[in-house]
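Colleague: What follows is entry.cif, made up of mmCIF, C-alpha atoms and all ligand atoms:
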```
data_my_file
loop_
_atom_site.label_atom_id
_atom_site.label_comp_id
_atom_site.auth_asym_id
_atom_site.auth_seq_id
_atom_site.Cartn_x
_atom_site.Cartn_y
_atom_site.Cartn_z
CA MET A 1 12.00 26.92 -20.61
CA GLN A 2 8.55 25.32 -20.99
CA HIS A 3 8.23 21.70 -22.05
CA VAL A 4 6.14 21.03 -25.12
CA THR A 5 4.22 18.10 -26.50
CA VAL A 6 5.24 17.22 -30.01
CA ASN A 7 4.36 14.69 -32.63
CA ASP A 8 6.88 11.92 -33.32
CA ASP A 9 8.75 13.67 -36.10
CA PRO A 10 11.87 15.32 -34.71
CA VAL A 11 13.28 18.75 -35.27
CA VAL A 12 16.06 18.20 -37.79
CA ILE A 13 19.11 20.44 -37.50
CA ILE A 14 21.58 20.60 -40.37
CA GLY A 15 25.12 21.57 -39.29
CA ALA A 16 26.86 20.65 -36.01
CA SER A 17 28.79 23.79 -35.25
CA SER A 18 28.16 26.43 -32.61
CA ALA A 19 24.72 27.64 -33.75
CA GLY A 20 23.26 24.22 -34.62
CA LEU A 21 24.50 22.48 -31.47
CA PHE A 22 23.25 25.25 -29.18
CA ALA A 23 19.77 25.12 -30.75
CA ALA A 24 19.86 21.31 -30.32
CA GLN A 25 20.73 21.63 -26.64
CA LEU A 26 17.93 24.12 -25.91
CA LEU A 27 15.32 21.99 -27.68
CA ALA A 28 16.51 18.71 -26.15
CA GLU A 29 16.46 20.27 -22.67
CA SER A 30 12.75 20.90 -23.23
CA ARG A 31 12.28 17.26 -24.30
CA VAL A 32 11.76 18.03 -27.98
CA PRO A 33 13.13 15.14 -30.07
CA VAL A 34 16.01 16.64 -32.01
CA HIS A 35 18.47 15.13 -34.47
CA VAL A 36 21.57 17.00 -35.68
CA PHE A 37 23.12 16.03 -39.03
CA GLU A 38 26.69 16.99 -39.86
CA ARG A 39 28.47 16.27 -43.10
CA ALA A 40 31.91 15.82 -41.51
CA GLU A 41 32.72 12.19 -40.66
CA GLU A 42 34.19 13.25 -37.29
CA LEU A 43 33.49 16.22 -35.07
CA GLN A 44 36.94 17.75 -35.33
CA PRO A 45 36.33 21.40 -36.20
CA HIS A 46 39.24 23.40 -37.61
CA ALA A 47 41.10 25.38 -34.94
CA ARG A 48 40.16 29.07 -35.04
CA THR A 49 41.00 31.77 -32.50
CA LEU A 50 38.04 34.07 -31.93
CA ILE A 51 37.46 37.12 -29.81
CA VAL A 52 33.95 37.47 -28.40
CA THR A 53 32.19 39.73 -25.95
CA PRO A 54 31.35 38.61 -22.38
CA GLU A 55 27.86 37.90 -23.73
CA LEU A 56 29.20 34.40 -24.45
CA GLN A 57 29.29 33.80 -20.68
CA HIS A 58 25.74 35.11 -20.33
CA VAL A 59 24.55 32.68 -23.01
CA LEU A 60 26.56 29.60 -22.05
CA GLY A 61 27.26 30.15 -18.35
CA ALA A 62 30.29 28.45 -16.83
CA SER A 63 30.89 26.32 -19.96
CA ALA A 64 32.32 29.38 -21.73
CA ALA A 65 35.38 29.06 -19.49
CA GLY A 66 36.28 25.70 -21.06
CA ALA A 67 36.77 27.36 -24.45
CA THR A 68 38.49 30.50 -23.15
CA VAL A 69 42.25 30.81 -23.67
CA ASN A 70 42.70 34.46 -22.65
CA THR A 71 40.84 37.65 -21.76
CA VAL A 72 41.14 41.16 -23.21
CA HIS A 73 40.56 44.20 -21.00
CA THR A 74 41.59 46.91 -23.48
CA LEU A 75 41.09 47.34 -27.20
CA ASP A 76 43.58 49.67 -28.89
CA LEU A 77 41.97 51.37 -31.88
CA CYS A 78 44.72 52.42 -34.30
CA THR A 79 45.31 54.33 -37.47
CA ARG A 80 48.76 54.91 -38.93
CA THR A 81 49.33 57.89 -36.65
CA LYS A 82 46.97 57.46 -33.68
CA THR A 83 46.20 54.86 -31.03
CA VAL A 84 43.23 55.20 -28.71
CA PRO A 85 42.88 52.63 -25.91
CA ILE A 86 39.30 51.64 -25.13
CA ALA A 87 38.91 50.09 -21.68
CA LEU A 88 36.30 47.32 -21.62
CA GLY A 89 34.09 47.14 -18.53
CA ASP A 90 33.85 43.34 -18.66
CA PRO A 91 36.75 41.75 -20.54
CA ASP A 92 36.33 40.18 -23.96
CA LEU A 93 37.05 36.46 -24.18
CA VAL A 94 39.57 34.93 -26.54
CA ILE A 95 38.24 31.48 -27.34
CA GLU A 96 39.26 28.43 -29.35
CA ARG A 97 36.35 27.60 -31.62
CA ALA A 98 37.21 23.88 -31.79
CA ASN A 99 36.87 23.64 -27.98
CA LEU A 100 33.62 25.60 -28.04
CA VAL A 101 32.10 23.20 -30.60
CA CYS A 102 33.20 20.15 -28.56
CA ILE A 103 31.66 21.62 -25.39
CA LEU A 104 28.40 22.42 -27.17
CA SER A 105 28.30 18.94 -28.69
CA THR A 106 28.71 17.34 -25.25
CA ARG A 107 25.99 19.58 -23.81
CA ALA A 108 23.55 18.90 -26.66
CA GLN A 109 24.01 15.12 -26.48
CA ALA A 110 23.81 15.11 -22.67
CA ALA A 111 20.45 16.88 -23.01
CA GLY A 112 19.23 14.14 -25.37
CA ALA A 113 19.98 15.41 -28.89
CA VAL A 114 21.11 12.73 -31.33
CA LEU A 115 24.15 13.57 -33.46
CA HIS A 116 24.61 11.93 -36.88
CA LEU A 117 28.02 12.47 -38.47
CA GLY A 118 28.86 11.82 -42.12
CA HIS A 119 25.43 13.03 -43.33
CA ASP A 120 25.66 15.52 -46.19
CA PHE A 121 22.43 17.45 -46.78
CA VAL A 122 20.97 16.87 -50.26
CA ASP A 123 17.40 18.18 -50.39
CA ILE A 124 14.07 18.74 -48.65
CA ASN A 125 11.12 16.76 -50.04
CA THR A 126 7.42 16.93 -49.34
CA GLU A 127 5.10 13.97 -49.90
CA ARG A 128 1.44 14.39 -49.05
CA ASP A 129 1.60 16.13 -45.66
CA ARG A 130 5.03 14.87 -44.60
CA THR A 131 8.34 16.68 -45.00
CA THR A 132 11.54 14.67 -45.20
CA VAL A 133 15.16 15.76 -45.36
CA GLU A 134 17.48 13.80 -47.62
CA PHE A 135 21.12 13.16 -46.69
CA ARG A 136 23.94 11.47 -48.57
CA ARG A 137 25.92 9.02 -46.43
CA LYS A 138 29.24 8.88 -48.25
CA SER A 139 30.73 6.11 -46.12
CA HIS A 140 27.67 3.89 -46.71
CA GLY A 141 27.20 4.96 -50.33
CA ASN A 142 23.47 5.56 -49.88
CA ASN A 143 20.92 8.32 -49.19
CA VAL A 144 18.57 8.47 -46.21
CA HIS A 145 15.29 10.37 -45.84
CA VAL A 146 14.54 11.74 -42.38
CA PRO A 147 11.03 12.96 -41.52
CA ALA A 148 11.05 16.41 -39.91
CA ARG A 149 8.42 18.54 -38.25
CA THR A 150 10.68 21.61 -38.31
CA ILE A 151 14.06 22.05 -39.97
CA ILE A 152 16.82 24.29 -38.63
CA ALA A 153 19.47 25.19 -41.21
CA ALA A 154 22.76 25.86 -39.40
CA ASP A 155 25.01 24.90 -42.31
CA GLY A 156 27.15 28.00 -42.52
CA ALA A 157 27.91 30.80 -44.97
CA PHE A 158 27.22 28.83 -48.17
CA SER A 159 24.08 27.15 -46.86
CA HIS A 160 23.14 24.18 -49.06
CA VAL A 161 19.66 24.29 -47.54
CA ALA A 162 19.24 27.85 -48.84
CA SER A 163 20.44 26.76 -52.30
CA ALA A 164 18.06 23.78 -52.31
CA LEU A 165 15.19 26.18 -51.60
CA GLY A 166 16.30 28.45 -54.44
CA LEU A 167 17.31 31.32 -52.15
CA PRO A 168 19.96 33.72 -53.45
CA ARG A 169 23.48 33.31 -52.07
CA ARG A 170 24.28 35.85 -49.36
CA PRO A 171 27.19 38.21 -49.98
CA THR A 172 30.37 37.26 -48.14
CA VAL A 173 33.65 38.82 -47.12
CA THR A 174 37.05 37.16 -46.71
CA VAL A 175 38.48 36.72 -43.24
CA MET A 176 42.13 35.63 -43.24
CA GLN A 177 44.08 35.33 -40.01
CA ALA A 178 47.47 34.00 -38.99
CA ARG A 179 48.62 32.69 -35.62
CA VAL A 180 51.81 34.62 -35.03
CA VAL A 181 54.73 34.93 -32.67
CA ARG A 182 54.63 38.52 -31.49
CA PRO A 183 56.96 40.83 -29.60
CA ARG A 184 56.84 39.99 -25.87
CA VAL A 185 56.75 43.67 -24.96
CA ASP A 186 53.01 43.79 -25.74
CA ASP A 187 50.45 43.32 -22.97
CA GLU A 188 48.78 39.91 -23.39
CA HIS A 189 45.40 41.37 -22.39
CA VAL A 190 45.32 44.12 -25.01
CA GLY A 191 43.68 43.52 -28.40
CA LYS A 192 44.19 45.82 -31.38
CA VAL A 193 42.22 47.00 -34.38
CA TRP A 194 43.87 48.93 -37.22
CA PHE A 195 41.83 51.06 -39.62
CA LEU A 196 43.92 51.40 -42.79
CA PRO A 197 41.40 52.27 -45.50
CA ASN A 198 44.09 52.47 -48.18
CA GLN A 199 44.56 48.71 -47.74
CA THR A 200 41.09 47.46 -46.79
CA ARG A 201 37.76 49.18 -46.21
CA TYR A 202 37.34 46.85 -43.22
CA PHE A 203 40.25 46.45 -40.75
CA TYR A 204 43.19 44.42 -39.46
CA TRP A 205 43.10 43.07 -35.90
CA LEU A 206 45.23 41.39 -33.28
CA CYS A 207 43.70 38.99 -30.80
CA PRO A 208 46.17 37.89 -28.08
CA GLU A 209 46.18 34.21 -27.09
CA SER A 210 49.11 34.53 -24.63
CA ASP A 211 52.13 36.75 -24.03
CA ASP A 212 53.88 35.48 -27.17
CA ILE A 213 51.14 34.11 -29.47
CA ALA A 214 48.34 36.06 -31.12
CA ALA A 215 45.94 35.79 -34.03
CA VAL A 216 46.37 38.64 -36.48
CA GLY A 217 43.97 39.00 -39.36
CA ILE A 218 42.44 41.05 -42.12
CA VAL A 219 38.88 41.39 -43.32
CA ASP A 220 38.89 42.17 -47.04
CA ASP A 221 36.55 42.11 -50.03
CA ASN A 222 39.10 40.38 -52.24
CA PRO A 223 39.95 36.75 -51.33
CA ARG A 224 43.01 36.69 -53.63
CA GLU A 225 44.49 39.85 -52.13
CA ALA A 226 43.81 39.10 -48.44
CA ARG A 227 46.76 36.74 -47.91
CA ARG A 228 49.24 39.04 -49.71
CA LYS A 229 48.09 42.07 -47.70
CA LEU A 230 48.20 40.15 -44.43
CA ASP A 231 51.76 38.92 -45.11
CA GLY A 232 52.87 42.50 -45.85
CA PHE A 233 51.23 43.73 -42.64
CA LEU A 234 52.87 40.99 -40.55
CA ALA A 235 56.28 41.80 -42.00
CA GLU A 236 55.73 45.50 -41.16
CA GLN A 237 54.72 44.60 -37.58
CA LYS A 238 57.66 42.15 -37.25
CA MET A 239 55.40 39.20 -36.50
CA ARG A 240 56.22 35.69 -37.68
CA PRO A 241 53.27 33.64 -39.01
CA LEU A 242 52.94 30.06 -37.71
CA GLU A 243 49.77 28.97 -39.51
CA TYR A 244 46.87 30.54 -41.39
CA GLN A 245 43.13 30.24 -40.79
CA GLY A 246 40.66 31.67 -43.26
CA ALA A 247 37.13 31.47 -44.56
CA TYR A 248 34.24 33.45 -45.93
CA ILE A 249 31.84 35.19 -43.58
CA PRO A 250 28.35 36.16 -44.73
CA LEU A 251 27.30 39.78 -44.49
CA TYR A 252 24.04 40.63 -42.76
CA ARG A 253 21.52 42.43 -44.95
CA THR A 254 18.26 43.87 -43.72
CA ASN A 255 15.96 42.32 -46.32
CA PRO A 256 16.20 38.50 -46.60
CA ARG A 257 13.85 36.66 -44.24
CA PRO A 258 15.67 33.83 -42.47
CA TRP A 259 12.88 31.26 -42.75
CA ARG A 260 10.76 29.50 -45.36
CA ARG A 261 7.68 27.29 -45.32
CA VAL A 262 8.08 23.94 -47.12
CA GLY A 263 4.91 21.86 -47.19
CA ARG A 264 3.76 21.82 -43.58
CA SER A 265 7.20 22.41 -42.11
CA ASP A 266 9.08 25.58 -41.29
CA VAL A 267 12.73 25.91 -42.24
CA LEU A 268 14.51 28.31 -39.88
CA PHE A 269 17.99 29.60 -40.76
CA ILE A 270 20.39 30.40 -37.93
CA GLY A 271 24.01 31.50 -37.44
CA ASP A 272 26.09 32.11 -40.56
CA ALA A 273 23.39 30.39 -42.65
CA ALA A 274 21.18 33.38 -41.72
CA ALA A 275 24.09 35.86 -41.89
CA GLN A 276 23.56 36.66 -38.20
CA VAL A 277 26.88 38.51 -38.19
CA LYS A 278 27.72 42.00 -36.89
CA VAL A 279 29.03 43.64 -40.05
CA THR A 280 31.08 46.28 -38.18
CA THR A 281 33.31 43.66 -36.52
CA ILE A 282 32.45 40.57 -38.65
CA GLY A 283 31.73 38.70 -35.42
CA GLY A 284 29.09 35.97 -35.70
CA THR A 285 29.63 33.67 -32.73
CA VAL A 286 27.46 35.29 -30.05
CA THR A 287 24.88 36.60 -32.53
CA GLY A 288 24.66 33.11 -34.08
CA LEU A 289 23.96 31.65 -30.62
CA TRP A 290 21.28 34.30 -30.11
CA GLY A 291 19.78 33.32 -33.47
CA ALA A 292 19.82 29.66 -32.33
CA ARG A 293 18.05 30.63 -29.11
CA ALA A 294 15.42 32.61 -31.05
CA ALA A 295 14.73 29.61 -33.32
CA ALA A 296 14.47 27.24 -30.33
CA GLN A 297 12.12 29.64 -28.52
CA SER A 298 9.88 30.04 -31.53
CA ILE A 299 9.52 26.24 -31.73
CA LEU A 300 8.95 25.86 -27.98
CA ARG A 301 6.51 28.76 -27.67
CA GLY A 302 4.81 28.29 -31.03
CA SER A 303 5.65 31.95 -31.73
CA SER A 304 6.94 33.49 -34.94
CA TYR A 305 10.69 33.31 -35.51
CA LEU A 306 10.62 36.94 -36.64
CA SER A 307 9.23 38.13 -33.32
CA GLU A 308 11.84 36.10 -31.41
CA LEU A 309 14.53 37.70 -33.58
CA ARG A 310 13.41 41.27 -32.92
CA SER A 311 16.12 42.34 -30.48
CA LEU A 312 18.90 40.53 -32.40
CA ASN A 313 17.78 42.15 -35.65
CA ARG A 314 17.76 45.57 -33.98
CA GLU A 315 21.45 45.08 -33.08
CA LEU A 316 22.37 43.68 -36.51
CA GLN A 317 20.61 46.53 -38.31
CA LEU A 318 22.51 49.10 -36.29
CA HIS A 319 25.83 47.46 -37.21
CA TRP A 320 24.70 47.39 -40.85
CA LEU A 321 23.97 51.13 -40.74
CA VAL A 322 27.33 51.98 -39.12
CA ARG A 323 29.25 49.73 -41.55
CA GLY A 324 27.55 51.52 -44.47
CA ILE A 325 29.08 54.78 -43.24
CA MET A 326 32.48 53.30 -42.29
CA HIS A 327 32.92 51.95 -45.82
CA HIS A 328 33.39 55.57 -46.97
CA PHE A 329 35.91 56.69 -44.34
CA PHE A 330 39.28 58.03 -45.50
CA GLU A 331 42.33 57.79 -43.25
CA HIS A 332 42.04 61.34 -41.84
CA GLU A 333 38.37 60.67 -41.05
CA TYR A 334 39.34 57.60 -39.02
CA ASP A 335 41.82 59.87 -37.19
CA ALA A 336 38.95 62.24 -36.40
CA LEU A 337 36.74 59.33 -35.30
CA LEU A 338 39.40 58.02 -32.91
CA GLN A 339 39.87 61.50 -31.50
CA LEU A 340 36.15 61.59 -30.65
CA LEU A 341 36.12 58.05 -29.24
CA GLY A 342 39.07 58.89 -27.01
CA GLY A 343 36.95 61.14 -24.82
CA ARG A 344 33.93 60.39 -22.64
CA VAL A 345 32.26 58.56 -25.53
CA GLY A 346 34.84 55.79 -25.21
CA ASP A 347 33.67 55.25 -21.62
CA LEU A 348 30.36 53.94 -22.99
CA PHE A 349 32.27 50.86 -24.20
CA ALA A 350 32.88 50.05 -20.54
CA ILE A 351 29.12 49.68 -20.12
CA HIS A 352 27.93 48.47 -23.53
CA ASN A 353 29.80 45.73 -25.37
CA ARG A 354 29.72 45.25 -29.16
CA ASP A 355 26.77 42.85 -28.93
CA ARG A 356 24.73 45.45 -27.02
CA MET A 357 25.38 48.56 -29.07
CA ALA A 358 21.73 49.55 -29.47
CA GLY A 359 21.75 50.82 -25.87
CA ALA A 360 24.90 52.92 -26.43
CA PHE A 361 24.11 54.41 -29.83
CA TRP A 362 21.84 57.32 -28.90
CA PRO A 363 23.72 58.24 -25.69
CA MET A 364 26.89 58.29 -27.82
CA LEU A 365 25.37 60.68 -30.35
CA THR A 366 24.00 63.02 -27.70
CA MET A 367 27.21 62.95 -25.67
CA GLN A 368 29.32 63.76 -28.73
CA PRO A 369 27.30 65.63 -31.40
CA ARG A 370 30.44 65.78 -33.56
CA LEU A 371 30.00 62.05 -34.26
CA PRO A 372 26.82 62.45 -36.37
CA LEU A 373 28.43 65.52 -37.90
CA LEU A 374 31.45 63.47 -38.95
CA ALA A 375 29.16 60.78 -40.38
CA ALA A 376 27.22 63.42 -42.33
CA GLN A 377 30.45 64.94 -43.70
CA VAL A 378 31.69 61.52 -44.82
CA LEU A 379 28.41 60.69 -46.53
CA TRP A 380 28.24 64.14 -48.16
CA ARG A 381 31.79 63.79 -49.47
CA ALA A 382 31.00 60.26 -50.69
CA GLY A 383 28.25 61.70 -52.86
CA PHE A 384 25.11 60.90 -50.86
CA GLY A 385 24.23 64.59 -50.69
CA SER A 386 24.32 65.22 -54.44
C1 LIG B 1 39.23 33.26 -39.55
C2 LIG B 1 37.94 33.62 -38.85
C3 LIG B 1 37.96 34.40 -37.70
C4 LIG B 1 36.76 34.72 -37.06
N1 LIG B 1 36.83 35.48 -35.95
C5 LIG B 1 35.69 35.72 -35.25
C6 LIG B 1 35.76 36.41 -34.02
O1 LIG B 1 36.85 36.82 -33.59
N2 LIG B 1 34.61 36.61 -33.32
C7 LIG B 1 33.40 36.16 -33.76
O2 LIG B 1 32.39 36.34 -33.07
N3 LIG B 1 33.29 35.50 -34.95
C8 LIG B 1 34.41 35.27 -35.71
N4 LIG B 1 34.33 34.58 -36.86
C9 LIG B 1 33.01 34.16 -37.34
C10 LIG B 1 32.50 32.89 -36.63
O3 LIG B 1 33.52 31.90 -36.63
C11 LIG B 1 31.25 32.36 -37.36
O4 LIG B 1 30.29 33.40 -37.44
C12 LIG B 1 30.64 31.16 -36.60
O5 LIG B 1 31.59 30.13 -36.47
C13 LIG B 1 29.45 30.62 -37.39
O6 LIG B 1 28.97 29.46 -36.76
P1 LIG B 1 27.79 28.60 -37.42
O7 LIG B 1 27.48 27.51 -36.45
O8 LIG B 1 26.67 29.49 -37.85
O9 LIG B 1 28.40 28.04 -38.80
P2 LIG B 1 29.70 27.20 -39.11
O10 LIG B 1 30.67 27.23 -38.00
O11 LIG B 1 30.14 27.59 -40.48
O12 LIG B 1 29.15 25.68 -39.18
C14 LIG B 1 28.39 25.15 -40.24
C15 LIG B 1 28.34 23.64 -40.04
O13 LIG B 1 27.48 23.08 -41.04
C16 LIG B 1 28.12 21.94 -41.61
N5 LIG B 1 27.59 21.77 -42.97
C17 LIG B 1 27.81 22.57 -44.05
N6 LIG B 1 27.20 22.06 -45.13
C18 LIG B 1 26.58 20.92 -44.73
C19 LIG B 1 25.78 19.95 -45.41
N7 LIG B 1 25.54 20.03 -46.73
N8 LIG B 1 25.28 18.90 -44.71
C20 LIG B 1 25.54 18.79 -43.37
N9 LIG B 1 26.30 19.67 -42.68
C21 LIG B 1 26.81 20.73 -43.35
C22 LIG B 1 29.60 22.30 -41.58
O14 LIG B 1 30.44 21.16 -41.72
C23 LIG B 1 29.72 22.99 -40.21
O15 LIG B 1 29.94 22.05 -39.18
C24 LIG B 1 35.51 34.27 -37.56
C25 LIG B 1 35.48 33.49 -38.73
C26 LIG B 1 36.68 33.19 -39.37
C27 LIG B 1 36.62 32.36 -40.62
#
```
Would you mind giving the structure from this file in structure tokens?
Ligand SMILES: Cc1cc2nc3c(=O)[nH]c(=O)nc-3n(C[C@H](O)[C@H](O)[C@H](O)COP(=O)(O)OP(=O)(O)OC[C@H]3O[C@@H](n4cnc5c(N)ncnc54)[C@H](O)[C@@H]3O)c2cc1C
Modeller:
Amino acid sequence: MQHVTVNDDPVVIIGASSAGLFAAQLLAESRVPVHVFERAEELQPHARTLIVTPELQHVLGASAAGATVNTVHTLDLCTRTKTVPIALGDPDLVIERANLVCILSTRAQAAGAVLHLGHDFVDINTERDRTTVEFRRKSHGNNVHVPARTIIAADGAFSHVASALGLPRRPTVTVMQARVVRPRVDDEHVGKVWFLPNQTRYFYWLCPESDDIAAVGIVDDNPREARRKLDGFLAEQKMRPLEYQGAYIPLYRTNPRPWRRVGRSDVLFIGDAAAQVKVTTIGGTVTGLWGARAAAQSILRGSSYLSELRSLNRELQLHWLVRGIMHHFFEHEYDALLQLLGGRVGDLFAIHNRDRMAGAFWPMLTMQPRLPLLAAQVLWRAGFGS
């Protein structure tokens, strides 16, 4: 990456999780002064088991291994009556998010980024031609104002930076997962996804950590119902919950622009704060890192953030389109979908992972013309044709 000359005001990053810390590392490596502000008093992120595509390795290199607890070579797609195994060309990685954040924090600070814990974002102010970011330091009982040439908002699904700028709250969905003890008969390298539209218009999943522990979860619109449904599902599958992990995940929409101009400074939103989440799988880790890279590149190259986001947005828009259709699937239509994916079309997943679907989409439709036909039937039945 090129090195740039900057004025003395640093890039201020709000939020020290995966997206914010990765942006900090990339900027610091190019000698841009960068300060990361995190509201937590200590960097001890909640444990969360995640499944990500091998793109994580392409983005982070060997460091991804430090956060990896298992690999997944096959994804079983299931309905009540059908199971279709999808072999993955390069295995997915099962990672522990807390480890990932610690690794990224070490990398960012080693590159020269300065991390400030216990700083809760309050507001962005402009005075004459200077922009400052205000933080509340709870432990000191005072507020500090930090000058910023560019601000990167990486403060998650309910971004306070977005609220301070008067931006509408992004829609969210509930993700609730339990670490479970599971039957030892299962292969520890096989993940599962269940499409049960009578229970949720999203899905349940199983992400194996080892031969006896897995994370099993539900994505659901209703936060109050998610835990009850998950407990019922675990009982049905004879899995014993050990602990629960849950949160809201923002849903990508095609319209909101993930940046704003405040005075002379740009505010760039990345990660969950920009809803850089694949809405088919509700995965935001790799796409959030790509968003972080796009923001860093736009600062380093002096280019527009939108142009740096082009390929990421192309992927996210495709997932948005597919999710719009999947929301209308009935159970028998999922059966038909799995039937079609079981053939040669499924082989495309060996070449294209979920973060690189744009390359697989058109070949998939031409290889199996019954796929667009099924989509058209679903949309027609759902009333789009009337
Ligand atoms: C249960 C669960 C399972 C998931 N499974 C997967 C999966 O399998 N695969 C996948 O790819 N993704 C998964 N995700 C989504 C993924 O975890 C998120 O997309 C990703 O962690 C977002 O990272 P981020 O850095 O953008 O934001 P976050 O991790 O939300 O970090 C935001 C940071 O900003 C800080 N912050 C917030 N407000 C302030 C403030 N006012 N001042 C200062 N700092 C502030 C927070 O403390 C936090 O450190 C899952 C999510 C959940 C909840």
Colleague: Out of A:Gly141, A:Pro250, A:Gly166, A:Pro256, which residue has the shortest atom-to-atom distance to ligand LIG 1 (chain B) when counting all atoms listed in the file?
Modeller: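 Looking at the shortest contact to ligand LIG 1 (chain B), the residue is A:Pro250.
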Colleague: Taking all atoms listed in the file into account, which residues are within 6 Å of ligand LIG 1 (chain B), as a ChimeraX atom specification?
Modeller: /A:14-20,37-40,50-52,119-121,154-157,160,175-177,245-248,271-273,283-286,288
Colleague: Write the selection just made, keeping C-alpha atoms, as a compact mmCIF listing (two decimals), in the coordinates of the input?
Modeller:
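Saved the output as result25.txt:
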```
# COMPACT_ATOMS: atom_id res chain seq x y z
CA ILE A 14 21.58 20.60 -40.37
CA GLY A 15 25.12 21.57 -39.29
CA ALA A 16 26.86 20.65 -36.01
CA SER A 17 28.79 23.79 -35.25
CA SER A 18 28.16 26.43 -32.61
CA ALA A 19 24.72 27.64 -33.75
CA GLY A 20 23.26 24.22 -34.62
CA PHE A 37 23.12 16.03 -39.03
CA GLU A 38 26.69 16.99 -39.86
CA ARG A 39 28.47 16.27 -43.10
CA ALA A 40 31.91 15.82 -41.51
CA LEU A 50 38.04 34.07 -31.93
CA ILE A 51 37.46 37.12 -29.81
CA VAL A 52 33.95 37.47 -28.40
CA HIS A 119 25.43 13.03 -43.33
CA ASP A 120 25.66 15.52 -46.19
CA PHE A 121 22.43 17.45 -46.78
CA ALA A 154 22.76 25.86 -39.40
CA ASP A 155 25.01 24.90 -42.31
CA GLY A 156 27.15 28.00 -42.52
CA ALA A 157 27.91 30.80 -44.97
CA HIS A 160 23.14 24.18 -49.06
CA VAL A 175 38.48 36.72 -43.24
CA MET A 176 42.13 35.63 -43.24
CA GLN A 177 44.08 35.33 -40.01
CA GLN A 245 43.13 30.24 -40.79
CA GLY A 246 40.66 31.67 -43.26
CA ALA A 247 37.13 31.47 -44.56
CA TYR A 248 34.24 33.45 -45.93
CA GLY A 271 24.01 31.50 -37.44
CA ASP A 272 26.09 32.11 -40.56
CA ALA A 273 23.39 30.39 -42.65
CA GLY A 283 31.73 38.70 -35.42
CA GLY A 284 29.09 35.97 -35.70
CA THR A 285 29.63 33.67 -32.73
CA VAL A 286 27.46 35.29 -30.05
CA GLY A 288 24.66 33.11 -34.08
```
Colleague: For each of A:Asn70, A:Thr281, A:Gln276, A:Thr126, take the minimum atom-to-atom distance to Thr254 in chain A, counting all atoms listed in the file, then give the residue where this is smallest.
Modeller: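 Going through A:Asn70, A:Thr281, A:Gln276, A:Thr126 one by one, the smallest distance to Thr254 in chain A is for A:Gln276.
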Colleague: Would you mind telling me which residue in A:Ile325, A:Pro183, A:Ile13, A:Phe330 lies nearest to Phe135 in chain A when using all atoms listed in the file?
Modeller: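 Nearest candidate to Phe135 in chain A out of A:Ile325, A:Pro183, A:Ile13, A:Phe330: A:Ile13.
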Colleague: I'd like to know which of A:Leu115, A:Ala214, A:Leu312, A:Val122 is closest to Arg356 in chain A, using all atoms listed in the file.
Modeller: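 Using all atoms listed in the file, Arg356 in chain A sits closest to A:Leu312.
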Colleague: Kindly indicate which residue among A:Ala64, A:Leu75, A:Ala296, A:Leu56 lies nearest to Leu21 in chain A, using all atoms listed in the file for the distances.
Modeller: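 Nearest to Leu21 in chain A: A:Ala296.
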Colleague: Taking all atoms listed in the file into account, name the residue in A:Leu371, A:Leu100, A:Leu316, A:Val144 that is nearest to Leu340 in chain A.
Modeller: A:Leu371
Colleague: Considering all atoms listed in the file, return as a PDB file with C-alpha atoms, in the coordinates of the input whatever protein or nucleic-acid residues lie within 8 Å of His328 in chain A, sequence-local ones (same chain, fewer than 4 positions apart) excluded.
Modeller:
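around.pdb, freshly written:
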```pdb
ATOM      1  CA  ARG A 201      37.760  49.180 -46.210  1.00  0.00           C
ATOM      2  CA  GLY A 324      27.550  51.520 -44.470  1.00  0.00           C
ATOM      3  CA  VAL A 378      31.690  61.520 -44.820  1.00  0.00           C
ATOM      4  CA  LEU A 379      28.410  60.690 -46.530  1.00  0.00           C
ATOM      5  CA  ALA A 382      31.000  60.260 -50.690  1.00  0.00           C
TER       6      ALA A 382
END
```
Colleague: Would you kindly return, as a list in words, each protein, DNA or RNA residue with an atom no farther than 10 Å from any atom of Asp187 in chain A, considering only C-alpha atoms and excluding same-chain residues fewer than 2 positions away?
Modeller: Val72, Thr74, Pro183, Arg184, Val185, His189, Val190, Gly191, Pro208, Ser210, Asp211 and Asp212 of chain A
Colleague: What lies within 9 Å of Pro10 in chain A using only C-alpha atoms, ignoring chain neighbours under 5 positions off, as a PyMOL selection string?
Modeller: chain A and resi 32-35+146-151
Colleague: One number please: CA of Leu167 in chain A to CA of Arg97 in chain A, in Å, one decimal.
Modeller: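 Here the two named atoms are 28.2 Å from each other.
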